[in-house]
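What follows is protein_39.pdb (PDB, C-alpha atoms, pLDDT in the B column).
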MODEL        1
ATOM      1  CA  MET A 239     -27.433 -15.669 -10.830  1.00 54.00           C
ATOM      2  CA  ALA A 240     -30.148 -14.091  -8.717  1.00 61.00           C
ATOM      3  CA  LYS A 241     -33.241 -12.736 -10.432  1.00 77.00           C
ATOM      4  CA  VAL A 242     -33.448  -8.975 -10.096  1.00 71.00           C
ATOM      5  CA  SER A 243     -36.506  -6.862 -10.705  1.00 82.00           C
ATOM      6  CA  SER A 244     -35.186  -3.330 -10.599  1.00 90.00           C
ATOM      7  CA  PHE A 245     -32.253  -1.186 -11.602  1.00 86.00           C
ATOM      8  CA  LEU A 246     -31.659  -0.431  -7.908  1.00 88.00           C
ATOM      9  CA  GLU A 247     -31.184  -4.149  -7.206  1.00 89.00           C
ATOM     10  CA  VAL A 248     -28.720  -4.440 -10.098  1.00 84.00           C
ATOM     11  CA  LYS A 249     -26.840  -1.394  -8.824  1.00 87.00           C
ATOM     12  CA  LYS A 250     -26.600  -2.883  -5.308  1.00 90.00           C
ATOM     13  CA  LEU A 251     -25.310  -6.191  -6.692  1.00 88.00           C
ATOM     14  CA  ILE A 252     -22.676  -4.410  -8.788  1.00 91.00           C
ATOM     15  CA  GLU A 253     -21.617  -2.220  -5.844  1.00 93.00           C
ATOM     16  CA  LYS A 254     -21.239  -5.336  -3.713  1.00 94.00           C
ATOM     17  CA  ASP A 255     -18.955  -6.893  -6.339  1.00 94.00           C
ATOM     18  CA  VAL A 256     -16.972  -3.677  -6.795  1.00 95.00           C
ATOM     19  CA  ARG A 257     -16.428  -3.417  -3.028  1.00 96.00           C
ATOM     20  CA  ALA A 258     -15.313  -7.075  -2.918  1.00 97.00           C
ATOM     21  CA  GLY A 259     -12.885  -6.457  -5.795  1.00 97.00           C
ATOM     22  CA  MET A 260     -11.509  -3.346  -4.143  1.00 97.00           C
ATOM     23  CA  ASN A 261     -11.062  -5.183  -0.828  1.00 98.00           C
ATOM     24  CA  ALA A 262      -9.167  -7.946  -2.612  1.00 98.00           C
ATOM     25  CA  ALA A 263      -7.023  -5.340  -4.396  1.00 98.00           C
ATOM     26  CA  ARG A 264      -6.374  -3.517  -1.116  1.00 98.00           C
ATOM     27  CA  ASP A 265      -5.224  -6.742   0.530  1.00 98.00           C
ATOM     28  CA  GLU A 266      -2.877  -7.489  -2.366  1.00 98.00           C
ATOM     29  CA  VAL A 267      -1.501  -3.930  -2.412  1.00 98.00           C
ATOM     30  CA  LYS A 268      -0.802  -4.143   1.332  1.00 98.00           C
ATOM     31  CA  VAL A 269       1.219  -7.321   0.855  1.00 98.00           C
ATOM     32  CA  LYS A 270       3.015  -5.828  -2.178  1.00 98.00           C
ATOM     33  CA  LEU A 271       3.931  -2.665  -0.227  1.00 98.00           C
ATOM     34  CA  GLU A 272       5.180  -4.725   2.721  1.00 98.00           C
ATOM     35  CA  ASP A 273       7.240  -6.904   0.351  1.00 98.00           C
ATOM     36  CA  ASN A 274       8.710  -3.875  -1.404  1.00 98.00           C
ATOM     37  CA  VAL A 275       9.647  -2.232   1.905  1.00 97.00           C
ATOM     38  CA  MET A 276      11.221  -5.521   3.026  1.00 97.00           C
ATOM     39  CA  GLY A 277      13.147  -5.502  -0.250  1.00 96.00           C
ATOM     40  CA  TYR A 278      14.682  -2.160   0.724  1.00 96.00           C
ATOM     41  CA  TYR A 279      16.920  -4.116   3.095  1.00 94.00           C
ATOM     42  CA  ASP A 280      18.233  -6.367   0.294  1.00 92.00           C
ATOM     43  CA  ILE A 281      20.909  -3.874  -0.765  1.00 88.00           C
ATOM     44  CA  GLY A 282      23.729  -2.405   1.234  1.00 82.00           C
ATOM     45  CA  ASN A 283      25.237  -2.884   4.635  1.00 84.00           C
ATOM     46  CA  PRO A 284      25.445   0.515   6.322  1.00 83.00           C
ATOM     47  CA  VAL A 285      28.350   1.400   8.564  1.00 79.00           C
ATOM     48  CA  LYS A 286      27.295   4.967   9.441  1.00 77.00           C
ATOM     49  CA  TYR A 287      24.029   3.903  11.028  1.00 78.00           C
ATOM     50  CA  GLU A 288      22.467   0.786  12.510  1.00 78.00           C
ATOM     51  CA  ARG A 289      19.459  -0.741  10.828  1.00 84.00           C
ATOM     52  CA  THR A 290      16.604  -1.204  13.249  1.00 84.00           C
ATOM     53  CA  GLY A 291      13.929  -2.592  10.918  1.00 87.00           C
ATOM     54  CA  THR A 292      11.520   0.077  12.166  1.00 89.00           C
ATOM     55  CA  LEU A 293      10.687   1.030   8.577  1.00 93.00           C
ATOM     56  CA  LEU A 294       8.884  -2.312   8.308  1.00 94.00           C
ATOM     57  CA  GLU A 295       6.240  -0.992  10.742  1.00 93.00           C
ATOM     58  CA  SER A 296       5.245   1.803   8.375  1.00 95.00           C
ATOM     59  CA  PRO A 297       3.396   0.201   5.402  1.00 97.00           C
ATOM     60  CA  ASN A 298      -0.333   0.680   5.746  1.00 97.00           C
ATOM     61  CA  THR A 299      -3.525   0.577   3.722  1.00 97.00           C
ATOM     62  CA  THR A 300      -6.811   2.151   4.719  1.00 98.00           C
ATOM     63  CA  PRO A 301     -10.137   0.342   4.524  1.00 98.00           C
ATOM     64  CA  VAL A 302     -12.092   0.591   1.297  1.00 98.00           C
ATOM     65  CA  SER A 303     -14.556   3.465   1.480  1.00 97.00           C
ATOM     66  CA  GLY A 304     -17.137   4.988  -0.795  1.00 96.00           C
ATOM     67  CA  GLY A 305     -20.029   3.720  -2.783  1.00 92.00           C
ATOM     68  CA  GLY A 306     -21.973   4.353  -5.954  1.00 89.00           C
ATOM     69  CA  ASN A 307     -19.489   5.462  -8.606  1.00 89.00           C
ATOM     70  CA  HIS A 308     -16.523   6.011  -6.314  1.00 95.00           C
ATOM     71  CA  PHE A 309     -14.629   3.519  -4.148  1.00 96.00           C
ATOM     72  CA  GLU A 310     -11.150   4.078  -2.775  1.00 97.00           C
ATOM     73  CA  PHE A 311      -8.463   2.966  -0.377  1.00 97.00           C
ATOM     74  CA  LYS A 312      -5.077   4.460   0.329  1.00 97.00           C
ATOM     75  CA  ALA A 313      -1.675   2.824   0.424  1.00 97.00           C
ATOM     76  CA  GLU A 314       0.663   4.831   2.601  1.00 97.00           C
ATOM     77  CA  MET A 315       3.730   4.843   4.755  1.00 97.00           C
ATOM     78  CA  GLU A 316       2.756   5.627   8.338  1.00 94.00           C
ATOM     79  CA  GLU A 317       4.969   8.601   9.195  1.00 93.00           C
ATOM     80  CA  SER A 318       4.396   8.505  12.939  1.00 89.00           C
ATOM     81  CA  ILE A 319       6.807   5.611  13.435  1.00 85.00           C
ATOM     82  CA  VAL A 320       9.487   6.362  16.003  1.00 80.00           C
ATOM     83  CA  TYR A 321      13.164   5.599  15.636  1.00 75.00           C
ATOM     84  CA  HIS A 322      15.209   4.910  18.759  1.00 69.00           C
ATOM     85  CA  THR A 323      18.637   5.378  17.249  1.00 65.00           C
ATOM     86  CA  GLY A 324      19.493   8.687  18.861  1.00 66.00           C
ATOM     87  CA  THR A 325      19.312  10.543  15.540  1.00 68.00           C
ATOM     88  CA  PRO A 326      17.098  13.588  15.120  1.00 76.00           C
ATOM     89  CA  TYR A 327      15.218  12.049  12.181  1.00 83.00           C
ATOM     90  CA  THR A 328      11.452  11.755  12.360  1.00 87.00           C
ATOM     91  CA  GLY A 329       9.606   8.835  10.819  1.00 89.00           C
ATOM     92  CA  ALA A 330       8.621  11.042   7.880  1.00 93.00           C
ATOM     93  CA  GLN A 331      12.242  12.061   7.299  1.00 91.00           C
ATOM     94  CA  VAL A 332      13.457   8.467   7.392  1.00 90.00           C
ATOM     95  CA  ILE A 333      10.736   7.385   4.976  1.00 94.00           C
ATOM     96  CA  ASP A 334      11.687  10.210   2.614  1.00 95.00           C
ATOM     97  CA  ALA A 335      15.412   9.410   2.859  1.00 92.00           C
ATOM     98  CA  THR A 336      14.929   5.686   2.284  1.00 93.00           C
ATOM     99  CA  GLU A 337      12.448   6.204  -0.566  1.00 97.00           C
ATOM    100  CA  GLN A 338      14.449   8.924  -2.335  1.00 97.00           C
ATOM    101  CA  GLY A 339      17.947   7.635  -1.525  1.00 94.00           C
ATOM    102  CA  HIS A 340      19.493  10.594   0.265  1.00 92.00           C
ATOM    103  CA  SER A 341      21.100  11.229   3.681  1.00 87.00           C
ATOM    104  CA  GLY A 342      23.484   8.328   3.207  1.00 86.00           C
ATOM    105  CA  THR A 343      20.810   5.633   3.309  1.00 88.00           C
ATOM    106  CA  LEU A 344      21.715   2.298   1.764  1.00 90.00           C
ATOM    107  CA  GLY A 345      19.022   0.076   0.378  1.00 93.00           C
ATOM    108  CA  LYS A 346      16.710  -0.545  -2.546  1.00 95.00           C
ATOM    109  CA  HIS A 347      15.221   2.933  -2.831  1.00 96.00           C
ATOM    110  CA  GLY A 348      11.915   3.673  -4.541  1.00 97.00           C
ATOM    111  CA  TYR A 349       9.923   0.943  -2.784  1.00 98.00           C
ATOM    112  CA  PHE A 350       6.806   3.137  -2.529  1.00 98.00           C
ATOM    113  CA  ALA A 351       7.019   4.394  -6.122  1.00 98.00           C
ATOM    114  CA  LYS A 352       7.378   0.768  -7.265  1.00 98.00           C
ATOM    115  CA  THR A 353       4.230  -0.158  -5.335  1.00 98.00           C
ATOM    116  CA  GLU A 354       2.339   2.841  -6.737  1.00 97.00           C
ATOM    117  CA  ALA A 355       3.212   1.796 -10.273  1.00 98.00           C
ATOM    118  CA  GLU A 356       1.807  -1.693  -9.636  1.00 98.00           C
ATOM    119  CA  ILE A 357      -1.534  -0.582  -8.170  1.00 97.00           C
ATOM    120  CA  PRO A 358      -3.481  -0.057 -11.440  1.00 97.00           C
ATOM    121  CA  GLU A 359      -2.715  -3.597 -12.633  1.00 98.00           C
ATOM    122  CA  ILE A 360      -3.592  -5.047  -9.211  1.00 98.00           C
ATOM    123  CA  VAL A 361      -6.923  -3.201  -9.125  1.00 97.00           C
ATOM    124  CA  ASP A 362      -7.763  -4.129 -12.734  1.00 96.00           C
ATOM    125  CA  ARG A 363      -6.970  -7.805 -12.159  1.00 97.00           C
ATOM    126  CA  ASN A 364      -9.018  -8.001  -8.956  1.00 97.00           C
ATOM    127  CA  MET A 365     -11.965  -6.124 -10.439  1.00 95.00           C
ATOM    128  CA  ALA A 366     -11.982  -8.529 -13.392  1.00 95.00           C
ATOM    129  CA  LYS A 367     -12.329 -11.436 -10.935  1.00 95.00           C
ATOM    130  CA  PHE A 368     -15.412  -9.962  -9.303  1.00 90.00           C
ATOM    131  CA  LEU A 369     -17.117  -8.316 -12.295  1.00 87.00           C
ATOM    132  CA  LYS A 370     -17.480 -11.229 -14.697  1.00 79.00           C
TER     133      LYS A 370
ENDMDL
END
Could you take the file, read its structure, and then write that structure out as structure tokens?
Amino acid sequence: MAKVSSFLEVKKLIEKDVRAGMNAARDEVKVKLEDNVMGYYDIGNPVKYERTGTLLESPNTTPVSGGGNHFEFKAEMEESIVYHTGTPYTGAQVIDATEQGHSGTLGKHGYFAKTEAEIPEIVDRNMAKFLK
């Protein structure tokens, strides 16, 4: 371990490790969200609409931001996706319907809520790796 001579140096070293842990957590959350959205397609075979797979373009995470005592990233479904099925649904409406299970959508609903529930454990595990 490097020799440090001031509290400011210690703080910078800790912030570096926290940022690294948060970046690792962000990367894992992105993969988990993508996997959970992919899992939506595991259930059902719709006959009232044609699956396009466009929902798979929506999972997104933002870069880690912040510093000091506060670091963050966001996991989100990009609502600006465009569906070319001739229906009047916006990307936001399709995301809501597929997440909540309404409008006749068939699939494994709740993919985003499932991801949200897993985030605390993912962050804790990754922070533990970097803050030994």
Please write as a PyMOL selection string the full residue list that the PyMOL selection byres ((chain A and resi 265) around 12) yields on this file. chain A and resi 258-264+266-272+298-302+311-313+357+360-361+364
In Å, rounded to a single decimal, give me how far CA of Asp273 in chain A is from CA of Lys367 in chain A.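 CA of Asp273 in chain A lies at a distance of 23.0 Å from CA of Lys367 in chain A.
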Using CA of Phe245 in chain A and CA of Asp362 in chain A as the two end points, give the distance in Å to one decimal.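 Interatomic distance, CA of Phe245 in chain A to CA of Asp362 in chain A: 24.7 Å.
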Go through the shown structure with the PyMOL selection byres ((chain A and resi 321) around 12) and write out the matching residues as a CSV table (one decimal) with C-alpha atoms, in the frame of the given file.
chain,number,residue,atom,x,y,z
A,287,TYR,CA,24.0,3.9,11.0
A,288,GLU,CA,22.5,0.8,12.5
A,289,ARG,CA,19.5,-0.7,10.8
A,290,THR,CA,16.6,-1.2,13.2
A,291,GLY,CA,13.9,-2.6,10.9
A,292,THR,CA,11.5,0.1,12.2
A,293,LEU,CA,10.7,1.0,8.6
A,294,LEU,CA,8.9,-2.3,8.3
A,295,GLU,CA,6.2,-1.0,10.7
A,296,SER,CA,5.2,1.8,8.4
A,317,GLU,CA,5.0,8.6,9.2
A,318,SER,CA,4.4,8.5,12.9
A,319,ILE,CA,6.8,5.6,13.4
A,320,VAL,CA,9.5,6.4,16.0
A,322,HIS,CA,15.2,4.9,18.8
A,323,THR,CA,18.6,5.4,17.2
A,324,GLY,CA,19.5,8.7,18.9
A,325,THR,CA,19.3,10.5,15.5
A,326,PRO,CA,17.1,13.6,15.1
A,327,TYR,CA,15.2,12.0,12.2
A,328,THR,CA,11.5,11.8,12.4
A,329,GLY,CA,9.6,8.8,10.8
A,330,ALA,CA,8.6,11.0,7.9
A,331,GLN,CA,12.2,12.1,7.3
A,332,VAL,CA,13.5,8.5,7.4
A,333,ILE,CA,10.7,7.4,5.0
Take CA of Val285 in chain A and CA of Thr343 in chain A and report the distance between them in Å, one decimal. 10.1 Å
A:Glu314, A:Lys254, A:Gly277, A:Phe309 ranked by distance to Glu354 in chain A, top pick (using only C-alpha atoms):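 Going through A:Glu314, A:Lys254, A:Gly277, A:Phe309 one by one, the smallest distance to Glu354 in chain A is for A:Glu314.
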I'd like to know which of A:His308, A:Lys249, A:Arg257, A:Lys352 is closest to Phe368 in chain A, using all atoms listed in the file.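 For Phe368 in chain A, the nearest of the given residues is A:Arg257.
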Dig up all the protein and nucleic acid residues within 7 Å of (20.3, -3.2, 2.1) in the file frame, using all atoms listed in the file, and format them as a count of residues only. 9
Hey, which of A:Gln338, A:Asn274, A:Ala351, A:Gly306 ends up closest to Asp255 in chain A? Count all atoms listed in the file. A:Gly306
Selection in question (the file shown): the PyMOL selection byres ((chain A and resi 337) around 7). Which residues does it include, as a VMD selection string? chain A and resid 333 to 336 338 to 339 347 to 350
Please, could N, CA and C atoms be added to range 339-368 of chain A and the result written as a PDB file, in the coordinates of the input?
ATOM      1  N   GLY A 339      16.541   8.016  -1.447  1.00 94.00           N
ATOM      2  CA  GLY A 339      17.947   7.635  -1.525  1.00 94.00           C
ATOM      3  C   GLY A 339      18.914   8.735  -1.145  1.00 94.00           C
ATOM      4  N   HIS A 340      18.561   9.551  -0.178  1.00 92.00           N
ATOM      5  CA  HIS A 340      19.493  10.594   0.265  1.00 92.00           C
ATOM      6  C   HIS A 340      19.859  10.380   1.732  1.00 92.00           C
ATOM      7  N   SER A 341      20.648  11.260   2.281  1.00 87.00           N
ATOM      8  CA  SER A 341      21.100  11.229   3.681  1.00 87.00           C
ATOM      9  C   SER A 341      21.963  10.012   3.991  1.00 87.00           C
ATOM     10  N   GLY A 342      22.588   9.452   2.986  1.00 86.00           N
ATOM     11  CA  GLY A 342      23.484   8.328   3.207  1.00 86.00           C
ATOM     12  C   GLY A 342      22.799   6.991   3.415  1.00 86.00           C
ATOM     13  N   THR A 343      21.518   6.902   3.117  1.00 88.00           N
ATOM     14  CA  THR A 343      20.810   5.633   3.309  1.00 88.00           C
ATOM     15  C   THR A 343      21.238   4.625   2.246  1.00 88.00           C
ATOM     16  N   LEU A 344      21.375   3.395   2.668  1.00 90.00           N
ATOM     17  CA  LEU A 344      21.715   2.298   1.764  1.00 90.00           C
ATOM     18  C   LEU A 344      20.555   1.330   1.722  1.00 90.00           C
ATOM     19  N   GLY A 345      20.119   1.012   0.527  1.00 93.00           N
ATOM     20  CA  GLY A 345      19.022   0.076   0.378  1.00 93.00           C
ATOM     21  C   GLY A 345      18.433   0.196  -1.012  1.00 93.00           C
ATOM     22  N   LYS A 346      17.397  -0.569  -1.257  1.00 95.00           N
ATOM     23  CA  LYS A 346      16.710  -0.545  -2.546  1.00 95.00           C
ATOM     24  C   LYS A 346      15.657   0.564  -2.479  1.00 95.00           C
ATOM     25  N   HIS A 347      16.076   1.757  -2.895  1.00 96.00           N
ATOM     26  CA  HIS A 347      15.221   2.933  -2.831  1.00 96.00           C
ATOM     27  C   HIS A 347      14.073   2.828  -3.827  1.00 96.00           C
ATOM     28  N   GLY A 348      13.043   3.640  -3.619  1.00 97.00           N
ATOM     29  CA  GLY A 348      11.915   3.673  -4.541  1.00 97.00           C
ATOM     30  C   GLY A 348      10.877   2.596  -4.290  1.00 97.00           C
ATOM     31  N   TYR A 349      10.863   2.027  -3.098  1.00 98.00           N
ATOM     32  CA  TYR A 349       9.923   0.943  -2.784  1.00 98.00           C
ATOM     33  C   TYR A 349       8.466   1.406  -2.876  1.00 98.00           C
ATOM     34  N   PHE A 350       8.180   2.653  -2.461  1.00 98.00           N
ATOM     35  CA  PHE A 350       6.806   3.137  -2.529  1.00 98.00           C
ATOM     36  C   PHE A 350       6.412   3.452  -3.974  1.00 98.00           C
ATOM     37  N   ALA A 351       7.298   4.092  -4.718  1.00 98.00           N
ATOM     38  CA  ALA A 351       7.019   4.394  -6.122  1.00 98.00           C
ATOM     39  C   ALA A 351       6.789   3.103  -6.909  1.00 98.00           C
ATOM     40  N   LYS A 352       7.557   2.065  -6.605  1.00 98.00           N
ATOM     41  CA  LYS A 352       7.378   0.768  -7.265  1.00 98.00           C
ATOM     42  C   LYS A 352       5.983   0.221  -6.977  1.00 98.00           C
ATOM     43  N   THR A 353       5.563   0.314  -5.714  1.00 98.00           N
ATOM     44  CA  THR A 353       4.230  -0.158  -5.335  1.00 98.00           C
ATOM     45  C   THR A 353       3.155   0.656  -6.057  1.00 98.00           C
ATOM     46  N   GLU A 354       3.308   1.970  -6.053  1.00 97.00           N
ATOM     47  CA  GLU A 354       2.339   2.841  -6.737  1.00 97.00           C
ATOM     48  C   GLU A 354       2.159   2.450  -8.202  1.00 97.00           C
ATOM     49  N   ALA A 355       3.261   2.153  -8.855  1.00 98.00           N
ATOM     50  CA  ALA A 355       3.212   1.796 -10.273  1.00 98.00           C
ATOM     51  C   ALA A 355       2.470   0.474 -10.499  1.00 98.00           C
ATOM     52  N   GLU A 356       2.441  -0.387  -9.501  1.00 98.00           N
ATOM     53  CA  GLU A 356       1.807  -1.693  -9.636  1.00 98.00           C
ATOM     54  C   GLU A 356       0.322  -1.674  -9.292  1.00 98.00           C
ATOM     55  N   ILE A 357      -0.152  -0.621  -8.642  1.00 97.00           N
ATOM     56  CA  ILE A 357      -1.534  -0.582  -8.170  1.00 97.00           C
ATOM     57  C   ILE A 357      -2.565  -0.676  -9.297  1.00 97.00           C
ATOM     58  N   PRO A 358      -2.446   0.059 -10.398  1.00 97.00           N
ATOM     59  CA  PRO A 358      -3.481  -0.057 -11.440  1.00 97.00           C
ATOM     60  C   PRO A 358      -3.681  -1.492 -11.940  1.00 97.00           C
ATOM     61  N   GLU A 359      -2.595  -2.210 -12.160  1.00 98.00           N
ATOM     62  CA  GLU A 359      -2.715  -3.597 -12.633  1.00 98.00           C
ATOM     63  C   GLU A 359      -3.361  -4.476 -11.564  1.00 98.00           C
ATOM     64  N   ILE A 360      -3.010  -4.263 -10.310  1.00 98.00           N
ATOM     65  CA  ILE A 360      -3.592  -5.047  -9.211  1.00 98.00           C
ATOM     66  C   ILE A 360      -5.091  -4.796  -9.123  1.00 98.00           C
ATOM     67  N   VAL A 361      -5.496  -3.534  -9.187  1.00 97.00           N
ATOM     68  CA  VAL A 361      -6.923  -3.201  -9.125  1.00 97.00           C
ATOM     69  C   VAL A 361      -7.644  -3.785 -10.327  1.00 97.00           C
ATOM     70  N   ASP A 362      -7.112  -3.596 -11.532  1.00 96.00           N
ATOM     71  CA  ASP A 362      -7.763  -4.129 -12.734  1.00 96.00           C
ATOM     72  C   ASP A 362      -7.945  -5.644 -12.647  1.00 96.00           C
ATOM     73  N   ARG A 363      -6.903  -6.339 -12.234  1.00 97.00           N
ATOM     74  CA  ARG A 363      -6.970  -7.805 -12.159  1.00 97.00           C
ATOM     75  C   ARG A 363      -8.017  -8.256 -11.143  1.00 97.00           C
ATOM     76  N   ASN A 364      -8.045  -7.609  -9.991  1.00 97.00           N
ATOM     77  CA  ASN A 364      -9.018  -8.001  -8.956  1.00 97.00           C
ATOM     78  C   ASN A 364     -10.438  -7.617  -9.334  1.00 97.00           C
ATOM     79  N   MET A 365     -10.617  -6.491  -9.999  1.00 95.00           N
ATOM     80  CA  MET A 365     -11.965  -6.124 -10.439  1.00 95.00           C
ATOM     81  C   MET A 365     -12.469  -7.110 -11.484  1.00 95.00           C
ATOM     82  N   ALA A 366     -11.588  -7.560 -12.361  1.00 95.00           N
ATOM     83  CA  ALA A 366     -11.982  -8.529 -13.392  1.00 95.00           C
ATOM     84  C   ALA A 366     -12.469  -9.829 -12.766  1.00 95.00           C
ATOM     85  N   LYS A 367     -11.907 -10.208 -11.618  1.00 95.00           N
ATOM     86  CA  LYS A 367     -12.329 -11.436 -10.935  1.00 95.00           C
ATOM     87  C   LYS A 367     -13.763 -11.329 -10.418  1.00 95.00           C
ATOM     88  N   PHE A 368     -14.127 -10.137  -9.949  1.00 90.00           N
ATOM     89  CA  PHE A 368     -15.412  -9.962  -9.303  1.00 90.00           C
ATOM     90  C   PHE A 368     -16.506  -9.433 -10.232  1.00 90.00           C
TER      91      PHE A 368
END
